[in-house]
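S.K.: Enclosed is the structure file my_file_36.txt (compact mmCIF, C-alpha atoms and all ligand atoms).
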```txt
# COMPACT_ATOMS: atom_id res chain seq x y z
CA MET A 1 0.00 0.00 0.00
CA GLU A 2 1.24 3.48 -0.85
CA LYS A 3 2.42 5.38 2.20
CA SER A 4 1.71 8.99 3.10
CA ASP A 5 2.28 11.43 5.96
CA ILE A 6 0.75 10.31 9.26
CA LEU A 7 -0.40 13.72 10.45
CA ALA A 8 -2.16 12.41 13.57
CA LYS A 9 1.29 11.42 14.81
CA GLY A 10 3.20 14.34 13.37
CA ALA A 11 5.15 11.98 11.09
CA ILE A 12 6.23 13.10 7.62
CA LEU A 13 7.00 10.61 4.88
CA GLN A 14 10.51 11.01 3.48
CA ARG A 15 11.72 10.85 -0.12
CA ASP A 16 12.52 7.17 0.20
CA GLN A 17 8.71 6.64 0.45
CA GLU A 18 9.41 4.28 3.32
CA THR A 19 10.59 6.04 6.46
CA TYR A 20 9.35 9.08 8.39
CA ALA A 21 10.66 12.19 10.10
CA ILE A 22 9.31 12.88 13.57
CA ALA A 23 10.27 15.82 15.75
CA ALA A 24 10.82 16.69 19.37
CA ARG A 25 9.00 19.99 19.91
CA LEU A 26 11.39 22.27 21.81
CA VAL A 27 9.87 25.62 22.70
CA GLY A 28 12.39 28.32 21.89
CA GLY A 29 14.73 25.68 20.42
CA VAL A 30 16.36 24.92 23.78
CA MET A 31 16.53 21.67 25.73
CA ASP A 32 18.18 20.41 28.89
CA VAL A 33 20.87 17.76 28.74
CA ALA A 34 18.51 14.94 29.79
CA THR A 35 16.13 15.78 26.93
CA GLY A 36 19.04 15.87 24.49
CA ARG A 37 20.22 12.50 25.76
CA GLY A 38 16.71 11.02 25.40
CA ILE A 39 16.58 12.19 21.79
CA ALA A 40 20.03 10.77 21.05
CA ASP A 41 19.08 7.46 22.73
CA ALA A 42 15.92 7.25 20.60
CA ALA A 43 17.95 7.93 17.45
CA GLU A 44 20.43 5.17 18.30
CA LYS A 45 17.83 2.65 19.36
CA PHE A 46 15.74 3.03 16.21
CA GLY A 47 18.60 3.25 13.72
CA VAL A 48 18.21 6.94 12.91
CA GLU A 49 21.37 8.24 11.26
CA MET A 50 20.53 11.90 10.87
CA LEU A 51 19.04 14.60 13.12
CA LYS A 52 17.81 17.91 11.71
CA ILE A 53 17.25 21.20 13.52
CA THR A 54 14.09 22.57 11.92
CA GLY A 55 13.45 26.23 11.13
CA ASP A 56 11.30 26.62 14.24
CA GLY A 57 13.83 24.99 16.54
CA ARG A 58 12.46 21.46 16.76
CA LEU A 59 14.82 18.54 16.55
CA ALA A 60 13.76 16.01 13.93
CA LEU A 61 14.72 12.36 13.72
CA ILE A 62 14.93 11.50 10.05
CA GLY A 63 14.42 7.96 8.85
CA VAL A 64 12.17 6.38 11.49
CA LYS A 65 10.34 3.20 10.43
CA GLU A 66 6.55 3.38 10.62
CA GLU A 67 6.33 0.63 13.23
CA ASP A 68 8.84 2.48 15.48
CA ILE A 69 7.12 5.91 15.50
CA ASP A 70 5.25 5.55 18.82
CA ALA A 71 8.16 3.90 20.58
CA ALA A 72 10.61 6.52 19.31
CA TYR A 73 8.44 9.33 20.66
CA GLY A 74 8.19 7.44 23.96
CA GLU A 75 11.95 7.04 24.19
CA MET A 76 12.43 10.77 23.56
CA GLY A 77 9.85 11.62 26.24
CA PHE A 78 7.44 13.28 23.80
CA LYS A 79 3.96 12.33 22.70
CA ALA A 80 2.95 11.59 19.11
CA LYS A 81 0.71 14.53 18.33
CA ALA A 82 -1.21 15.98 15.40
CA GLY A 83 -0.38 19.47 14.22
CA ILE A 84 3.33 19.54 15.02
CA ALA A 85 4.69 18.16 11.79
CA LEU A 86 4.30 20.74 9.09
CA CYS A 87 5.77 23.80 10.73
CA GLN A 88 2.57 25.77 10.18
CA GLN A 89 2.05 27.09 13.67
CA TYR A 90 5.06 27.72 15.83
CA ILE A 91 7.11 30.04 17.95
CA LYS A 92 10.66 30.79 16.91
CA ALA A 93 12.66 32.53 19.62
CA CYS A 94 16.27 33.66 19.84
CA PRO A 95 18.18 33.10 23.11
CA GLY A 96 17.35 36.61 24.37
CA ASN A 97 18.82 37.93 27.60
CA ALA A 98 19.03 34.47 29.15
CA PHE A 99 22.13 33.78 27.04
CA CYS A 100 22.87 36.49 24.47
CA GLN A 101 24.88 39.55 25.52
CA ARG A 102 22.78 41.80 23.30
CA GLY A 103 19.45 40.54 24.63
CA GLN A 104 17.17 43.15 26.18
CA GLN A 105 14.28 40.87 27.19
CA ASP A 106 13.69 37.25 28.17
CA THR A 107 12.55 35.72 24.87
CA LEU A 108 12.56 32.13 26.09
CA ASP A 109 10.35 32.92 29.06
CA LEU A 110 7.88 34.79 26.86
CA ALA A 111 7.90 31.91 24.34
CA ARG A 112 7.05 29.51 27.16
CA LYS A 113 4.22 31.74 28.40
CA ILE A 114 2.75 32.09 24.89
CA ASP A 115 3.05 28.36 24.30
CA GLU A 116 1.42 27.44 27.61
CA ARG A 117 -1.44 29.86 27.16
CA PHE A 118 -2.27 29.56 23.47
CA TYR A 119 -0.72 26.56 21.72
CA PRO A 120 -2.05 24.85 19.53
CA TYR A 121 -4.13 27.86 18.37
CA PRO A 122 -7.37 25.89 17.96
CA LYS A 123 -9.62 26.60 15.00
CA ILE A 124 -7.16 28.83 13.19
CA SER A 125 -6.80 27.16 9.81
CA ALA A 126 -4.07 29.50 8.53
CA LYS A 127 -0.45 29.68 9.57
CA VAL A 128 0.44 31.17 12.92
CA LYS A 129 4.13 31.91 12.90
CA ILE A 130 5.47 33.83 15.85
CA GLY A 131 8.98 35.26 16.01
CA ILE A 132 10.46 36.52 19.27
CA ALA A 133 13.77 38.37 19.20
CA GLY A 134 15.60 39.82 22.16
CA CYS A 135 16.83 42.93 20.35
CA PHE A 136 16.64 44.79 17.03
CA ASN A 137 19.08 42.33 15.46
CA SER A 138 15.95 40.21 14.94
CA CYS A 139 17.60 36.80 14.84
CA ALA A 140 14.15 35.11 15.06
CA GLU A 141 12.94 37.19 12.07
CA PRO A 142 9.92 38.83 13.76
CA ALA A 143 9.34 41.16 10.79
CA ILE A 144 8.38 38.23 8.54
CA LYS A 145 6.17 36.41 11.02
CA ASP A 146 2.39 36.69 11.50
CA ILE A 147 3.13 37.94 14.99
CA GLY A 148 6.55 39.38 15.73
CA LEU A 149 8.02 40.60 19.00
CA ILE A 150 11.23 42.51 19.57
CA GLY A 151 12.59 42.99 23.07
CA LEU A 152 13.87 46.48 23.83
CA PRO A 153 14.93 48.10 27.13
CA LYS A 154 11.41 49.41 27.89
CA GLY A 155 9.54 46.28 26.84
CA TRP A 156 8.25 44.48 23.76
CA THR A 157 7.53 45.92 20.33
CA LEU A 158 4.63 44.02 18.78
CA MET A 159 4.42 43.61 15.00
CA VAL A 160 1.70 41.94 12.99
CA GLY A 161 1.26 40.62 9.46
CA GLY A 162 4.68 39.52 8.23
CA ALA A 163 5.26 36.49 6.00
CA GLY A 164 7.87 34.82 3.82
CA GLY A 165 6.90 32.57 0.94
CA LYS A 166 5.49 33.49 -2.47
CA ASP A 167 4.31 36.96 -1.51
CA PRO A 168 6.60 38.16 1.26
CA MET A 169 5.25 40.81 3.63
CA ILE A 170 6.89 42.92 6.31
CA ALA A 171 4.97 43.08 9.59
CA GLU A 172 3.62 46.40 10.83
CA ILE A 173 4.38 47.67 14.32
CA ILE A 174 1.16 48.02 16.29
CA ALA A 175 2.40 48.59 19.85
CA ARG A 176 5.59 49.41 21.77
CA ASN A 177 6.93 49.09 25.30
CA LEU A 178 4.65 46.21 26.30
CA SER A 179 5.15 44.07 29.39
CA ASP A 180 4.86 40.27 29.11
CA ASP A 181 1.30 40.43 30.46
CA GLU A 182 0.34 43.13 27.97
CA VAL A 183 1.75 41.01 25.13
CA LEU A 184 -0.34 38.04 26.27
CA GLU A 185 -3.45 40.20 26.60
CA MET A 186 -2.98 41.62 23.10
CA MET A 187 -2.25 38.22 21.62
CA GLU A 188 -5.48 36.91 23.12
CA LYS A 189 -7.37 39.56 21.17
CA LEU A 190 -5.32 39.08 18.01
CA LEU A 191 -5.76 35.31 17.98
CA LYS A 192 -9.49 35.63 18.65
CA TYR A 193 -9.74 38.00 15.68
CA TYR A 194 -7.66 35.64 13.49
CA ARG A 195 -9.77 32.67 14.61
CA GLY A 196 -12.98 34.50 13.74
CA LEU A 197 -11.74 35.27 10.23
CA SER A 198 -10.43 31.76 9.86
CA SER A 199 -13.95 30.41 10.24
CA ARG A 200 -15.33 32.53 7.35
CA PRO A 201 -15.07 30.91 3.89
CA GLN A 202 -13.82 34.10 2.23
CA THR A 203 -10.96 34.64 4.70
CA ARG A 204 -10.19 31.03 5.58
CA ASN A 205 -6.48 30.20 5.25
CA LEU A 206 -5.46 33.82 4.64
CA ARG A 207 -2.36 34.98 6.45
CA LEU A 208 -2.77 37.76 8.99
CA GLY A 209 -0.87 40.18 6.74
CA VAL A 210 -3.32 39.65 3.87
CA ILE A 211 -6.25 40.11 6.23
CA LEU A 212 -4.62 43.26 7.55
CA LYS A 213 -4.41 44.67 4.01
CA LYS A 214 -8.05 43.80 3.31
CA GLU A 215 -9.55 44.96 6.60
CA GLY A 216 -7.19 47.83 7.39
CA LYS A 217 -4.77 48.38 10.23
CA GLU A 218 -7.22 50.69 12.03
CA ARG A 219 -9.66 47.85 12.57
CA LEU A 220 -6.93 45.70 14.05
CA LEU A 221 -5.80 48.53 16.33
CA ARG A 222 -9.41 48.97 17.48
CA ILE A 223 -9.74 45.27 18.20
CA CYS A 224 -6.56 45.33 20.26
CA GLY A 225 -7.76 48.44 22.11
CA LEU A 226 -5.04 50.60 20.60
CA ASP A 227 -7.02 53.22 18.68
S1 LIG B 301 18.07 39.03 18.28
FE1 LIG B 301 19.48 40.06 19.66
S2 LIG B 301 19.22 39.00 21.59
FE2 LIG B 301 18.42 37.66 20.02
S3 LIG B 301 20.14 36.32 19.48
FE3 LIG B 301 20.07 38.02 18.03
S4 LIG B 301 21.53 39.50 18.90
FE4 LIG B 301 20.98 38.08 20.54
```
Have the structure of the file written as structure tokens, please.
M.R.:
Amino acid sequence: MEKSDILAKGAILQRDQETYAIAARLVGGVMDVATGRGIADAAEKFGVEMLKITGDGRLALIGVKEEDIDAAYGEMGFKAKAGIALCQQYIKACPGNAFCQRGQQDTLDLARKIDERFYPYPKISAKVKIGIAGCFNSCAEPAIKDIGLIGLPKGWTLMVGGAGGKDPMIAEIIARNLSDDEVLEMMEKLLKYYRGLSSRPQTRNLRLGVILKKEGKERLLRICGLD
């Protein structure tokens, strides 16, 4: 029988049409040593020869046999889960002031808070890419993410509507000097707005930047209480 991706388990069929890539989801792209060891043990046990750091900071095991998928996740200490495979909804964060000398804010802590509160962005059919950078150097590319955050000495700058891909867009700044709690509050409103539009046939699957162009920045500012 012809094989295909097993999305319910976050497993992507590889070019050999036989084996799969599965990924350990690492918020902010960081892991402790025990997690790293678990991933390496899983790779060795199931004959995986290559690991790949994905664009959003997950660590993928490439070349897992179909019958080993569940056990490999178990060995790594992660659960097989739908929605994690295709890199459609994720947070990419730079090391921020936890590790980087230039960092002005704690990107990893904010990534964790956003992940705990909102992931997996239920009922939003379009991409939700979030980039969190600890300074203007923008190593997590916030300007080309649906929601971008830049840490500066007085707080977070929030940008909305960026994208890469076929029609690249640069995100627009909608608020400055936000605390972590204010970012979460504003994201709640933004995601609710995005979810609402995602359920309408005419705006389903549209990126936030396209919606922003159609509906106007003023409407978004009103929704976020910024007018
Ligand atoms: S964006 Fe700034 S804080 Fe983050 S890694 Fe780059 S230089 Fe460091």
S.K.: For Asn137 in chain A, find every residue with an atom within 10 Å (counting all atoms listed in the file), except residues of its own chain fewer than 4 positions away, and show them as a PyMOL selection string.
M.R.: chain A and resi 102-103+133+141-142+150
S.K.: Generate the output file for the selected residues, C-alpha atoms, as an mmCIF file, in the frame of the given file.
M.R.:
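Once written, part.cif looks like this:
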```cif
data_model
loop_
_atom_site.group_PDB
_atom_site.id
_atom_site.type_symbol
_atom_site.label_atom_id
_atom_site.label_comp_id
_atom_site.auth_asym_id
_atom_site.auth_seq_id
_atom_site.Cartn_x
_atom_site.Cartn_y
_atom_site.Cartn_z
ATOM 1 C CA ARG A 102 22.780 41.800 23.300
ATOM 2 C CA GLY A 103 19.450 40.540 24.630
ATOM 3 C CA ALA A 133 13.770 38.370 19.200
ATOM 4 C CA GLU A 141 12.940 37.190 12.070
ATOM 5 C CA PRO A 142 9.920 38.830 13.760
ATOM 6 C CA ILE A 150 11.230 42.510 19.570
#
```
S.K.: Any idea what's packed within 6 Å of Ala143 in chain A, counting only C-alpha atoms, ignoring anything in its chain fewer than 3 positions away? Could you give it as a ChimeraX atom specification?
M.R.: /A:148,162,170-171
S.K.: With C-alpha atoms retained, export the selected residues as an mmCIF file, in the frame of the given file.
M.R.:
```cif
data_model
loop_
_atom_site.group_PDB
_atom_site.id
_atom_site.type_symbol
_atom_site.label_atom_id
_atom_site.label_comp_id
_atom_site.auth_asym_id
_atom_site.auth_seq_id
_atom_site.Cartn_x
_atom_site.Cartn_y
_atom_site.Cartn_z
ATOM 1 C CA GLY A 148 6.550 39.380 15.730
ATOM 2 C CA GLY A 162 4.680 39.520 8.230
ATOM 3 C CA ILE A 170 6.890 42.920 6.310
ATOM 4 C CA ALA A 171 4.970 43.080 9.590
#
```
S.K.: Need the shell around Ile69 in chain A: protein/DNA/RNA residues with any atom at most 8 Å away, counting all atoms listed in the file. Skip same-chain ones fewer than 3 positions apart. Format as a count of residues only?
M.R.: 8
S.K.: Return the single residue from A:Ala163, A:Asp70, A:Asp227, A:Ala40 that is closest to Ala8 in chain A, with distances computed using all atoms listed in the file.
M.R.: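 For Ala8 in chain A, the nearest of the given residues is A:Asp70.
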S.K.: Using all atoms listed in the file, determine which residues lie at most 8 Å from Lys52 in chain A, disregarding the query and same-chain residues fewer than 3 positions distant; provide the list as a list in words.
M.R.: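 Everything that qualifies: Leu59, Ala60, Leu61 and Ile62 of chain A.
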S.K.: Return as a PDB file with C-alpha atoms, in the frame of the given file the residues of protein, DNA or RNA that approach ligand LIG 301 (chain B) to within 9 Å, with all atoms listed in the file taken into account.
M.R.:
```
ATOM      1  CA  ALA A  93      12.660  32.530  19.620  1.00  0.00           C
ATOM      2  CA  CYS A  94      16.270  33.660  19.840  1.00  0.00           C
ATOM      3  CA  PRO A  95      18.180  33.100  23.110  1.00  0.00           C
ATOM      4  CA  GLY A  96      17.350  36.610  24.370  1.00  0.00           C
ATOM      5  CA  ASN A  97      18.820  37.930  27.600  1.00  0.00           C
ATOM      6  CA  ALA A  98      19.030  34.470  29.150  1.00  0.00           C
ATOM      7  CA  PHE A  99      22.130  33.780  27.040  1.00  0.00           C
ATOM      8  CA  CYS A 100      22.870  36.490  24.470  1.00  0.00           C
ATOM      9  CA  GLN A 101      24.880  39.550  25.520  1.00  0.00           C
ATOM     10  CA  ARG A 102      22.780  41.800  23.300  1.00  0.00           C
ATOM     11  CA  GLY A 103      19.450  40.540  24.630  1.00  0.00           C
ATOM     12  CA  GLN A 104      17.170  43.150  26.180  1.00  0.00           C
ATOM     13  CA  GLN A 105      14.280  40.870  27.190  1.00  0.00           C
ATOM     14  CA  ASP A 106      13.690  37.250  28.170  1.00  0.00           C
ATOM     15  CA  THR A 107      12.550  35.720  24.870  1.00  0.00           C
ATOM     16  CA  ILE A 132      10.460  36.520  19.270  1.00  0.00           C
ATOM     17  CA  ALA A 133      13.770  38.370  19.200  1.00  0.00           C
ATOM     18  CA  GLY A 134      15.600  39.820  22.160  1.00  0.00           C
ATOM     19  CA  CYS A 135      16.830  42.930  20.350  1.00  0.00           C
ATOM     20  CA  PHE A 136      16.640  44.790  17.030  1.00  0.00           C
ATOM     21  CA  ASN A 137      19.080  42.330  15.460  1.00  0.00           C
ATOM     22  CA  SER A 138      15.950  40.210  14.940  1.00  0.00           C
ATOM     23  CA  CYS A 139      17.600  36.800  14.840  1.00  0.00           C
ATOM     24  CA  ALA A 140      14.150  35.110  15.060  1.00  0.00           C
ATOM     25  CA  GLU A 141      12.940  37.190  12.070  1.00  0.00           C
ATOM     26  CA  ILE A 150      11.230  42.510  19.570  1.00  0.00           C
ATOM     27  CA  GLY A 151      12.590  42.990  23.070  1.00  0.00           C
TER      28      GLY A 151
END
```
S.K.: For Ile114 in chain A, which residue among A:Asp180, A:Glu67, A:Glu49, A:Asp32 is the nearest when counting only C-alpha atoms?
M.R.: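 Using only C-alpha atoms, Ile114 in chain A sits closest to A:Asp180.
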S.K.: Just the residues within 9 Å of Ile12 in chain A, please, counting only C-alpha atoms, with nothing from its chain fewer than 5 positions along; format it as an MDAnalysis selection string.
M.R.: chainID A and resid 4:7 19:22 85:86
S.K.: Quick one, how far is CA of Glu75 in chain A from CA of Asp56 in chain A?
M.R.: 22.0 Å
S.K.: Could you work out how far CA of Leu208 in chain A lies from CA of Leu191 in chain A, giving the answer in Å with one decimal?
M.R.: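 Value for the CA of Leu191 in chain A-CA of Leu208 in chain A distance: 9.8 Å.
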S.K.: Which polymer residues, protein or nucleic acid, are no farther than 12 Å from (-6.1, 45.3, 20.0), counting all atoms listed in the file, as a list in words?
M.R.: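 Answer for this query, in the requested form: Leu158, Met159, Val160, Ile174, Ala175, Glu182, Val183, Leu184, Glu185, Met186, Met187, Glu188, Lys189, Leu190, Leu191, Lys192, Tyr193, Tyr194, Lys217, Glu218, Arg219, Leu220, Leu221, Arg222, Ile223, Cys224, Gly225, Leu226 and Asp227 of chain A.
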S.K.: Please compute the CA of Glu2 in chain A-CA of Val48 in chain A distance, one decimal, in Å.
M.R.: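 One can read the CA of Glu2 in chain A to CA of Val48 in chain A distance as 22.1 Å.
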S.K.: Which centre and edge lengths in Å to one decimal define the box along x, y and z that fits every listed atom of range 90-102 of chain A plus 4 Å per side, as AutoDock Vina command-line options?
M.R.:
```
--center_x 15.0 --center_y 34.8 --center_z 22.5 --size_x 27.8 --size_y 22.1 --size_z 21.3
```
S.K.: Quick one: of A:Met31, A:Leu108, A:Ile91, A:Ile144, who's nearest to Pro120 in chain A, counting only C-alpha atoms?
M.R.: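 For Pro120 in chain A, the nearest of the candidates is A:Ile91.
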S.K.: Point out the residue among A:Gly209, A:Arg204, A:Leu197, A:Leu110 with the least atom-to-atom distance to Pro168 in chain A, counting all atoms listed in the file.
M.R.: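 Counting all atoms listed in the file, the residue closest to Pro168 in chain A is A:Gly209.
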S.K.: Between A:Gly63, A:Gly165, A:Gly10, A:Gly74, which is the closest to Ala42 in chain A once you count only C-alpha atoms?
M.R.: A:Gly74
S.K.: My list of candidates is A:Thr54, A:Thr35, A:Ser125, A:Gln14. Which is closest to Ser199 in chain A when distances are computed with all atoms listed in the file?
M.R.: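 Once distances to Ser199 in chain A are computed over all atoms listed in the file, the minimum belongs to A:Ser125.
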